[in-house]
Structure formats: C-alpha cells, structure tokens
Amino acid sequence: MGAIQPKVSEPVSDELALVEAAKAGDVSAFEELVRRYDRNVFRIAQHITQNREDAEDVVQDAFFKAYSNLKQFQGQSKFYTWLVRIAVNEALMKLRRRRPERTVSLDEEVKTEDDSVPREVADWTPNPEQQYSQAELRDILDRTIHGLPATFRTVFVLRDVEGLSTEETAEALDLSIPAVKSRLLRARLQLRERLNKFFQRRERVNGSQKPSSGDGNQ
Amino acid sequence: MKCADFLHELTDYLDGVMDAGTKAELEEHLAWCHNCYVVADTTKKTIEIYRDSKLYELPENLRTRLRTAIVAKCQSRKKSGSEGAPS
Ligand SMILES: [Zn+2]
C-alpha cells in the first residue's frame, strides 16, 4: 500500500513580489492573491463554521484583515500559511459567537479512546464513492465531518483537504507538532469509522463469501 | 509489533514520512494482520475521498461577489490613508 500522494502546490516564486506590491498599496496585486486563495479560505471557513453565511463573512473579513495587516507579514512563512492562520481565527470567532454555550478552542483536550484498535473491521467496496450520486456523496461527507469536534475537523481540513504540511498546520493553528499529529490520527480514524456504514462491502449471499456474521455478539 | 503500535504509526505511514526500517516493520505487520490492513486501506480511502470531493466549492458568482467586496474595502482603506499606502 503506497503513501497517499501529496498535493502538488503551485509555484510561489512570484508571490512575494505580489505581497510587496500590495504592501506598497497596489490593490490589484492583492486581488491576485485573493484569486489564488479564496477557494481555499472558503472551504476552510465552511468546514469550521459549518454555516454558509458565516463562511462568506470569514472570506471577506480574513482577506481584509490580511490586507490591513500586510506590514506584519515578514515573509518568514508562506503567505498562504499566514492567511490561513487569520482565516482560522476569524472562523473560530464566528463559531464561538454562534455557539456560546460550548467553548471552542483548538487546544482543548478532547477525550476519546484514541488508542483503541478498531474491532470487527469490515472492508469497503472497491470504489465506495461511486455507489452514490454526487449530491448524496456530498451530503454523506458533510454530515460525517460535522460530527467531529472542531479541533479535529480543522486539523483534518488543513492537512488532508488543503494539503498543508504538519509544520504549516502547527504554525497556522498554534499547536505543537505532536498535537497536530495526534489530532490528525484521531480525525482520520473517526471519519473512517463513521463512513463505514455507507461504504462497507455488502456481502453477496451467492458469492463465495459467507453472509455477514454480523455485528452482534456470538 | 502489536496492532496498537501499528495504529500509532498510521499517520506517518500514510504520509510516507518514516525511515525505511520502521516502514518495513509496519509492512510486515500488514502482511499478516488483515484488520490493520483494512484500517490502513480504508483510512487512506477516507482521505482521498475527502480530498477529491467537491465539498464546499465556491460558486463562481459568489466568488466574484466576495472578491468585488474585498477589493472595494481595500480600496477605501487605501484612500482613507490609514495604512497600506506607501510611506
Ligand atoms: Zn494489526
């Protein structure tokens, strides 16, 4: 089994030039940066806030905040990582405002039985996503990831959906590298577990395999 | 290697960031432990499905509207001269 293919990131050679131009007041240079990353920021915001209107606000607020604070960007990290950090904070603020009853913090310790080994593991059909229409699949993926605690969702989205490195994710979220890794593992395993019921191989009675011996106790 | 040890290394294994020795140990475990093989394989699929999904795509008309609003705000900030203008 090979490793998952890393996302190919676009060349960023001209990016610092755009940032410098924007710092000097060239709004069209900044607009180019918006074009480059607005889809990513929207996706991240949507995953964290789980609310379309909030995500739209986050896109506007995050880019405007980035523009207003460009002078603080020193170029030690990638512009995108710096922008993601701003966007994540804006999105978390939205989430807290909407759900004040639950404190939302990325470094909270989320108690799970993370070290337990999954039991009664069932294999999936070869191309499980093709069993569903696009709309059904989106609905399944959406509801599944919504069930995760915010801190798990966020790490998963940055690392696995947006393709940030572990180090970049740690920097964007102000977490240690071990914290990113442990959250990522739990997020991945929990998502897998929750997707099981949709993607499990349905055993055929007439096939060579025995009918499922089921989830019940024997 | 026990299943719990395998699971502990799963993230690095799937990301392909580990030394050859550890990788060989993990793959030896996978060769005989079907449970861990399925967990690793379906976790990999989970990641790929989310990565390939068109979940939360930004529709082009909304995209244009948001960008126009952002640019307008930046322009007005620039005009008000508070910051962002060349010093
Ligand atoms: Zn095992």
# chains A, B, ... in the order shown; residues from 1 in each chain; ligands from 1
$ interface_residues --of "chain A" --to "chain B" --cutoff "7 Å" --atoms "only C-alpha atoms" --output "PyMOL selection string"
chain A and resi 3-4+23-25+27+31+39+42-43+46+60+63-64+67-68+115+117+121+123-124+138+160-161+185+188-189+192
$ residues_around --residues "stretch 74-80 of chain A" --least-positions-apart "2" --cutoff "12 Å" --atoms "only C-alpha atoms" --output "tab-separated table (two decimals) with all heavy atoms, in the first residue's frame"
chain	number	residue	atom	x	y	z
A	9	SER	N	1.68	21.64	-4.91
A	9	SER	CA	1.39	23.05	-4.68
A	9	SER	C	1.94	23.89	-5.83
A	9	SER	O	2.94	23.55	-6.45
A	9	SER	CB	1.97	23.51	-3.35
A	9	SER	OG	3.31	23.12	-3.25
A	10	GLU	N	1.24	24.98	-6.09
A	10	GLU	CA	1.65	25.83	-7.20
A	10	GLU	C	2.95	26.55	-6.86
A	10	GLU	O	3.26	26.76	-5.70
A	10	GLU	CB	0.55	26.88	-7.45
A	10	GLU	CG	-0.71	26.28	-8.03
A	10	GLU	CD	-1.83	27.30	-8.06
A	10	GLU	OE1	-1.55	28.49	-8.31
A	10	GLU	OE2	-2.98	26.90	-7.83
A	11	PRO	N	3.68	26.90	-7.87
A	11	PRO	CA	4.91	27.65	-7.59
A	11	PRO	C	4.56	29.00	-6.93
A	11	PRO	O	3.58	29.63	-7.28
A	11	PRO	CB	5.52	27.86	-8.98
A	11	PRO	CG	4.43	27.61	-9.95
A	11	PRO	CD	3.49	26.65	-9.30
A	12	VAL	N	5.37	29.38	-5.98
A	12	VAL	CA	5.06	30.62	-5.26
A	12	VAL	C	6.14	31.67	-5.47
A	12	VAL	O	6.25	32.61	-4.72
A	12	VAL	CB	4.89	30.34	-3.75
A	12	VAL	CG1	3.62	29.58	-3.49
A	12	VAL	CG2	6.08	29.62	-3.18
A	13	SER	N	6.91	31.49	-6.55
A	13	SER	CA	8.06	32.36	-6.74
A	13	SER	C	7.64	33.83	-6.87
A	13	SER	O	8.31	34.72	-6.35
A	13	SER	CB	8.82	31.92	-7.98
A	13	SER	OG	7.93	31.73	-9.06
A	14	ASP	N	6.51	34.06	-7.54
A	14	ASP	CA	6.12	35.45	-7.75
A	14	ASP	C	5.30	36.00	-6.59
A	14	ASP	O	4.89	37.14	-6.59
A	14	ASP	CB	5.29	35.56	-9.04
A	14	ASP	CG	4.00	34.76	-8.95
A	14	ASP	OD1	3.99	33.74	-8.21
A	14	ASP	OD2	3.01	35.14	-9.58
A	15	GLU	N	5.08	35.14	-5.60
A	15	GLU	CA	4.14	35.52	-4.56
A	15	GLU	C	4.65	36.67	-3.69
A	15	GLU	O	3.91	37.59	-3.35
A	15	GLU	CB	3.84	34.31	-3.70
A	15	GLU	CG	2.68	34.56	-2.79
A	15	GLU	CD	2.01	33.25	-2.44
A	15	GLU	OE1	1.32	32.71	-3.30
A	15	GLU	OE2	2.22	32.79	-1.33
A	16	LEU	N	5.93	36.60	-3.36
A	16	LEU	CA	6.48	37.66	-2.52
A	16	LEU	C	6.42	39.01	-3.23
A	16	LEU	O	6.19	40.04	-2.60
A	16	LEU	CB	7.92	37.33	-2.12
A	16	LEU	CG	8.04	36.44	-0.88
A	16	LEU	CD1	9.50	36.18	-0.55
A	16	LEU	CD2	7.33	37.08	0.33
A	17	ALA	N	6.59	38.96	-4.56
A	17	ALA	CA	6.50	40.20	-5.33
A	17	ALA	C	5.09	40.79	-5.23
A	17	ALA	O	4.91	42.00	-5.07
A	17	ALA	CB	6.87	39.95	-6.79
A	18	LEU	N	4.09	39.90	-5.30
A	18	LEU	CA	2.70	40.36	-5.17
A	18	LEU	C	2.47	40.96	-3.78
A	18	LEU	O	1.83	42.01	-3.63
A	18	LEU	CB	1.73	39.19	-5.39
A	18	LEU	CG	1.54	38.71	-6.82
A	18	LEU	CD1	0.68	37.44	-6.84
A	18	LEU	CD2	0.89	39.79	-7.69
A	19	VAL	N	2.99	40.29	-2.77
A	19	VAL	CA	2.81	40.78	-1.40
A	19	VAL	C	3.48	42.14	-1.25
A	19	VAL	O	2.90	43.07	-0.67
A	19	VAL	CB	3.39	39.76	-0.38
A	19	VAL	CG1	3.37	40.35	1.02
A	19	VAL	CG2	2.59	38.47	-0.40
A	20	GLU	N	4.69	42.26	-1.78
A	20	GLU	CA	5.40	43.55	-1.67
A	20	GLU	C	4.63	44.66	-2.38
A	20	GLU	O	4.51	45.77	-1.87
A	20	GLU	CB	6.82	43.43	-2.26
A	20	GLU	CG	7.79	42.63	-1.39
A	20	GLU	CD	7.81	43.10	0.07
A	20	GLU	OE1	7.81	44.33	0.32
A	20	GLU	OE2	7.81	42.23	0.97
A	23	LYS	N	1.67	45.58	-0.32
A	23	LYS	CA	2.12	46.38	0.83
A	23	LYS	C	2.30	47.84	0.44
A	23	LYS	O	2.02	48.75	1.21
A	23	LYS	CB	3.48	45.86	1.34
A	23	LYS	CG	3.38	44.79	2.40
A	23	LYS	CD	4.78	44.50	2.94
A	23	LYS	CE	4.76	43.26	3.82
A	23	LYS	NZ	6.10	42.89	4.30
A	30	PHE	N	-3.01	42.68	-4.66
A	30	PHE	CA	-3.68	41.94	-3.58
A	30	PHE	C	-4.85	41.13	-4.14
A	30	PHE	O	-5.11	40.02	-3.71
A	30	PHE	CB	-4.17	42.91	-2.49
A	30	PHE	CG	-4.67	42.18	-1.28
A	30	PHE	CD1	-3.80	41.55	-0.41
A	30	PHE	CD2	-6.04	42.08	-1.03
A	30	PHE	CE1	-4.26	40.85	0.70
A	30	PHE	CE2	-6.51	41.38	0.08
A	30	PHE	CZ	-5.62	40.76	0.94
A	33	LEU	N	-3.82	37.84	-5.17
A	33	LEU	CA	-3.67	36.92	-4.03
A	33	LEU	C	-5.03	36.38	-3.59
A	33	LEU	O	-5.16	35.23	-3.20
A	33	LEU	CB	-2.97	37.63	-2.86
A	33	LEU	CG	-1.49	38.00	-3.11
A	33	LEU	CD1	-1.00	38.96	-2.03
A	33	LEU	CD2	-0.63	36.75	-3.16
A	34	VAL	N	-6.05	37.23	-3.66
A	34	VAL	CA	-7.41	36.79	-3.33
A	34	VAL	C	-7.84	35.69	-4.29
A	34	VAL	O	-8.34	34.64	-3.88
A	34	VAL	CB	-8.41	37.97	-3.38
A	34	VAL	CG1	-9.84	37.47	-3.16
A	34	VAL	CG2	-8.05	39.04	-2.36
A	36	ARG	N	-6.06	33.68	-5.87
A	36	ARG	CA	-5.29	32.48	-5.67
A	36	ARG	C	-5.82	31.63	-4.51
A	36	ARG	O	-5.76	30.42	-4.56
A	36	ARG	CB	-3.84	32.90	-5.37
A	36	ARG	CG	-2.83	32.11	-6.13
A	36	ARG	CD	-1.48	32.76	-6.02
A	36	ARG	NE	-1.14	33.46	-7.25
A	36	ARG	CZ	0.10	33.72	-7.62
A	36	ARG	NH1	1.11	33.36	-6.84
A	36	ARG	NH2	0.34	34.34	-8.74
A	37	TYR	N	-6.32	32.28	-3.49
A	37	TYR	CA	-6.61	31.53	-2.27
A	37	TYR	C	-8.06	31.61	-1.77
A	37	TYR	O	-8.37	31.05	-0.73
A	37	TYR	CB	-5.67	31.97	-1.14
A	37	TYR	CG	-4.23	31.69	-1.46
A	37	TYR	CD1	-3.28	32.71	-1.52
A	37	TYR	CD2	-3.80	30.38	-1.73
A	37	TYR	CE1	-1.95	32.44	-1.84
A	37	TYR	CE2	-2.49	30.10	-2.05
A	37	TYR	CZ	-1.57	31.13	-2.10
A	37	TYR	OH	-0.27	30.86	-2.41
A	38	ASP	N	-8.92	32.31	-2.50
A	38	ASP	CA	-10.28	32.48	-1.96
A	38	ASP	C	-11.02	31.15	-1.83
A	38	ASP	O	-11.74	30.93	-0.86
A	38	ASP	CB	-11.09	33.50	-2.78
A	38	ASP	CG	-11.14	33.18	-4.27
A	38	ASP	OD1	-10.47	32.21	-4.72
A	38	ASP	OD2	-11.86	33.89	-5.01
A	40	ASN	N	-9.75	28.22	-1.17
A	40	ASN	CA	-9.22	27.51	0.00
A	40	ASN	C	-9.77	28.11	1.29
A	40	ASN	O	-10.19	27.38	2.19
A	40	ASN	CB	-7.70	27.60	0.02
A	40	ASN	CG	-7.07	27.17	-1.28
A	40	ASN	OD1	-7.16	27.89	-2.27
A	40	ASN	ND2	-6.48	26.00	-1.32
A	41	VAL	N	-9.76	29.44	1.35
A	41	VAL	CA	-10.24	30.09	2.57
A	41	VAL	C	-11.72	29.79	2.78
A	41	VAL	O	-12.16	29.51	3.90
A	41	VAL	CB	-9.99	31.61	2.51
A	41	VAL	CG1	-10.69	32.34	3.66
A	41	VAL	CG2	-8.49	31.91	2.54
A	62	ALA	N	-11.33	37.86	6.55
A	62	ALA	CA	-9.95	37.36	6.61
A	62	ALA	C	-9.07	38.09	5.58
A	62	ALA	O	-7.96	38.51	5.90
A	62	ALA	CB	-9.91	35.86	6.38
A	63	PHE	N	-9.58	38.23	4.36
A	63	PHE	CA	-8.76	38.91	3.35
A	63	PHE	C	-8.57	40.38	3.69
A	63	PHE	O	-7.48	40.94	3.50
A	63	PHE	CB	-9.37	38.75	1.95
A	63	PHE	CG	-8.99	37.45	1.29
A	63	PHE	CD1	-9.93	36.45	1.12
A	63	PHE	CD2	-7.70	37.23	0.84
A	63	PHE	CE1	-9.59	35.25	0.51
A	63	PHE	CE2	-7.34	36.03	0.24
A	63	PHE	CZ	-8.29	35.04	0.07
A	66	ALA	N	-6.08	40.60	6.39
A	66	ALA	CA	-4.74	40.33	5.85
A	66	ALA	C	-4.20	41.58	5.15
A	66	ALA	O	-3.05	41.98	5.36
A	66	ALA	CB	-4.79	39.15	4.87
A	67	TYR	N	-5.06	42.21	4.35
A	67	TYR	CA	-4.63	43.42	3.64
A	67	TYR	C	-4.22	44.52	4.63
A	67	TYR	O	-3.19	45.16	4.47
A	67	TYR	CB	-5.76	43.92	2.74
A	67	TYR	CG	-5.41	45.16	1.97
A	67	TYR	CD1	-4.62	45.10	0.83
A	67	TYR	CD2	-5.87	46.42	2.39
A	67	TYR	CE1	-4.28	46.24	0.12
A	67	TYR	CE2	-5.54	47.57	1.70
A	67	TYR	CZ	-4.74	47.47	0.57
A	67	TYR	OH	-4.40	48.62	-0.12
A	69	ASN	N	-3.16	44.23	7.58
A	69	ASN	CA	-2.00	43.90	8.43
A	69	ASN	C	-0.81	43.38	7.64
A	69	ASN	O	0.07	42.74	8.20
A	69	ASN	CB	-2.41	42.86	9.47
A	69	ASN	CG	-3.40	43.43	10.46
A	69	ASN	OD1	-3.06	44.23	11.32
A	69	ASN	ND2	-4.66	43.04	10.33
A	70	LEU	N	-0.82	43.66	6.34
A	70	LEU	CA	0.25	43.11	5.50
A	70	LEU	C	1.65	43.46	6.00
A	70	LEU	O	2.58	42.68	5.83
A	70	LEU	CB	0.10	43.64	4.06
A	70	LEU	CG	-0.66	42.76	3.07
A	70	LEU	CD1	-0.64	43.42	1.70
A	70	LEU	CD2	-0.07	41.37	3.00
A	71	LYS	N	1.75	44.62	6.62
A	71	LYS	CA	3.08	45.04	7.09
A	71	LYS	C	3.63	44.10	8.14
A	71	LYS	O	4.84	44.01	8.33
A	71	LYS	CB	3.04	46.47	7.62
A	71	LYS	CG	2.97	47.46	6.48
A	71	LYS	CD	3.15	48.88	6.91
A	71	LYS	CE	3.22	49.76	5.66
A	71	LYS	NZ	2.75	51.12	5.92
A	72	GLN	N	2.71	43.42	8.83
A	72	GLN	CA	3.17	42.48	9.85
A	72	GLN	C	3.64	41.16	9.25
A	72	GLN	O	4.23	40.34	9.95
A	72	GLN	CB	2.05	42.20	10.85
A	72	GLN	CG	1.79	43.37	11.76
A	72	GLN	CD	0.52	43.17	12.56
A	72	GLN	OE1	0.16	42.04	12.88
A	72	GLN	NE2	-0.17	44.26	12.83
A	82	TRP	N	0.19	32.13	6.56
A	82	TRP	CA	-0.15	33.32	7.35
A	82	TRP	C	-1.63	33.66	7.18
A	82	TRP	O	-2.34	33.95	8.14
A	82	TRP	CB	0.74	34.47	6.87
A	82	TRP	CG	0.61	35.75	7.62
A	82	TRP	CD1	1.08	36.02	8.88
A	82	TRP	CD2	-0.02	36.95	7.15
A	82	TRP	NE1	0.77	37.32	9.22
A	82	TRP	CE2	0.12	37.91	8.19
A	82	TRP	CE3	-0.66	37.32	5.97
A	82	TRP	CZ2	-0.38	39.21	8.06
A	82	TRP	CZ3	-1.16	38.61	5.85
A	82	TRP	CH2	-1.02	39.54	6.88
A	83	LEU	N	-2.11	33.59	5.94
A	83	LEU	CA	-3.52	33.88	5.65
A	83	LEU	C	-4.44	32.85	6.31
A	83	LEU	O	-5.49	33.20	6.88
A	83	LEU	CB	-3.72	33.85	4.12
A	83	LEU	CG	-5.14	34.03	3.60
A	83	LEU	CD1	-5.66	35.44	3.88
A	83	LEU	CD2	-5.19	33.75	2.09
A	84	VAL	N	-4.06	31.60	6.26
A	84	VAL	CA	-4.87	30.53	6.86
A	84	VAL	C	-5.01	30.77	8.36
A	84	VAL	O	-6.08	30.59	8.94
A	84	VAL	CB	-4.25	29.14	6.59
A	84	VAL	CG1	-4.87	28.07	7.48
A	84	VAL	CG2	-4.43	28.75	5.13
A	85	ARG	N	-3.94	31.19	8.96
A	85	ARG	CA	-3.97	31.47	10.40
A	85	ARG	C	-5.02	32.54	10.73
A	85	ARG	O	-5.80	32.42	11.66
A	85	ARG	CB	-2.57	31.93	10.81
A	85	ARG	CG	-2.36	31.99	12.29
A	85	ARG	CD	-0.98	32.60	12.52
A	85	ARG	NE	-0.85	32.94	13.92
A	85	ARG	CZ	-0.09	32.23	14.77
A	85	ARG	NH1	0.60	31.22	14.35
A	85	ARG	NH2	-0.02	32.58	16.03
A	86	ILE	N	-5.03	33.59	9.92
A	86	ILE	CA	-6.03	34.65	10.11
A	86	ILE	C	-7.43	34.09	9.88
A	86	ILE	O	-8.36	34.33	10.68
A	86	ILE	CB	-5.77	35.83	9.13
A	86	ILE	CG1	-4.42	36.48	9.44
A	86	ILE	CG2	-6.90	36.85	9.18
A	86	ILE	CD1	-3.99	37.52	8.42
A	87	ALA	N	-7.60	33.33	8.82
A	87	ALA	CA	-8.92	32.80	8.47
A	87	ALA	C	-9.45	31.85	9.55
A	87	ALA	O	-10.63	31.90	9.91
A	87	ALA	CB	-8.85	32.08	7.12
A	88	VAL	N	-8.57	31.02	10.08
A	88	VAL	CA	-8.99	30.07	11.12
A	88	VAL	C	-9.47	30.84	12.35
A	88	VAL	O	-10.50	30.51	12.94
A	88	VAL	CB	-7.84	29.10	11.49
A	88	VAL	CG1	-8.15	28.34	12.77
A	88	VAL	CG2	-7.59	28.11	10.35
A	158	LEU	N	-7.04	21.19	7.14
A	158	LEU	CA	-5.79	21.84	6.73
A	158	LEU	C	-4.79	20.82	6.19
A	158	LEU	O	-4.19	21.03	5.14
A	158	LEU	CB	-5.15	22.61	7.90
A	158	LEU	CG	-5.94	23.79	8.46
A	158	LEU	CD1	-5.07	24.63	9.37
A	158	LEU	CD2	-6.51	24.66	7.36
A	162	GLU	N	-6.62	20.51	2.38
A	162	GLU	CA	-5.87	21.63	1.78
A	162	GLU	C	-4.41	21.29	1.52
A	162	GLU	O	-3.71	22.02	0.83
A	162	GLU	CB	-5.97	22.86	2.66
A	162	GLU	CG	-7.40	23.37	2.87
A	162	GLU	CD	-8.10	23.70	1.56
A	162	GLU	OE1	-7.42	24.04	0.57
A	162	GLU	OE2	-9.34	23.60	1.52
A	163	GLY	N	-3.93	20.21	2.11
A	163	GLY	CA	-2.58	19.78	1.80
A	163	GLY	C	-1.46	20.56	2.47
A	163	GLY	O	-0.32	20.55	1.98
A	164	LEU	N	-1.73	21.25	3.58
A	164	LEU	CA	-0.65	21.89	4.32
A	164	LEU	C	0.22	20.81	4.97
A	164	LEU	O	-0.26	19.73	5.29
A	164	LEU	CB	-1.21	22.80	5.43
A	164	LEU	CG	-1.47	24.27	5.08
A	164	LEU	CD1	-2.64	24.38	4.12
A	164	LEU	CD2	-1.76	25.07	6.33
A	165	SER	N	1.47	21.14	5.20
A	165	SER	CA	2.35	20.18	5.89
A	165	SER	C	2.02	20.19	7.38
A	165	SER	O	1.30	21.09	7.86
A	165	SER	CB	3.81	20.57	5.69
A	165	SER	OG	4.09	21.76	6.41
A	167	GLU	N	4.02	20.88	9.76
A	167	GLU	CA	4.63	22.08	10.33
A	167	GLU	C	3.77	23.32	10.05
A	167	GLU	O	3.56	24.15	10.93
A	167	GLU	CB	6.04	22.29	9.74
A	167	GLU	CG	7.07	21.28	10.20
A	167	GLU	CD	6.88	19.89	9.57
A	167	GLU	OE1	6.20	19.77	8.52
A	167	GLU	OE2	7.39	18.90	10.15
A	168	GLU	N	3.29	23.44	8.80
A	168	GLU	CA	2.45	24.59	8.46
A	168	GLU	C	1.15	24.58	9.25
A	168	GLU	O	0.66	25.62	9.68
A	168	GLU	CB	2.15	24.59	6.95
A	168	GLU	CG	3.36	24.94	6.11
A	168	GLU	CD	3.17	24.60	4.62
A	168	GLU	OE1	2.28	23.79	4.29
A	168	GLU	OE2	3.93	25.13	3.81
A	169	THR	N	0.58	23.40	9.41
A	169	THR	CA	-0.66	23.28	10.17
A	169	THR	C	-0.43	23.69	11.62
A	169	THR	O	-1.24	24.42	12.21
A	169	THR	CB	-1.20	21.83	10.11
A	169	THR	OG1	-1.33	21.45	8.74
A	169	THR	CG2	-2.54	21.71	10.80
A	171	GLU	N	1.80	25.70	12.71
A	171	GLU	CA	2.00	27.14	12.75
A	171	GLU	C	0.67	27.89	12.61
A	171	GLU	O	0.40	28.84	13.34
A	171	GLU	CB	2.95	27.54	11.62
A	171	GLU	CG	3.42	28.96	11.70
A	171	GLU	CD	4.18	29.38	10.44
A	171	GLU	OE1	4.87	28.51	9.84
A	171	GLU	OE2	4.06	30.55	10.06
A	172	ALA	N	-0.15	27.43	11.68
A	172	ALA	CA	-1.43	28.12	11.44
A	172	ALA	C	-2.36	28.00	12.64
A	172	ALA	O	-3.20	28.87	12.87
A	172	ALA	CB	-2.09	27.56	10.18
$ atom_distance --atom1 "atom CA of A:Ala55" --atom2 "atom CA of A:Glu90"
9.5 Å
$ closest_residue --among "A:Pro118, A:Val180, A:Thr166, A:Gln134" --to "ligand 1" --atoms "only C-alpha atoms and all ligand atoms"
A:Pro118
$ closest_residue --among "B:Met1, B:Met18, B:Cys33, B:Ala24" --to "ligand 1" --atoms "only C-alpha atoms and all ligand atoms"
B:Cys33
$ atom_distance --atom1 "atom CA of A:Glu193" --atom2 "atom CA of A:Arg52"
26.4 Å
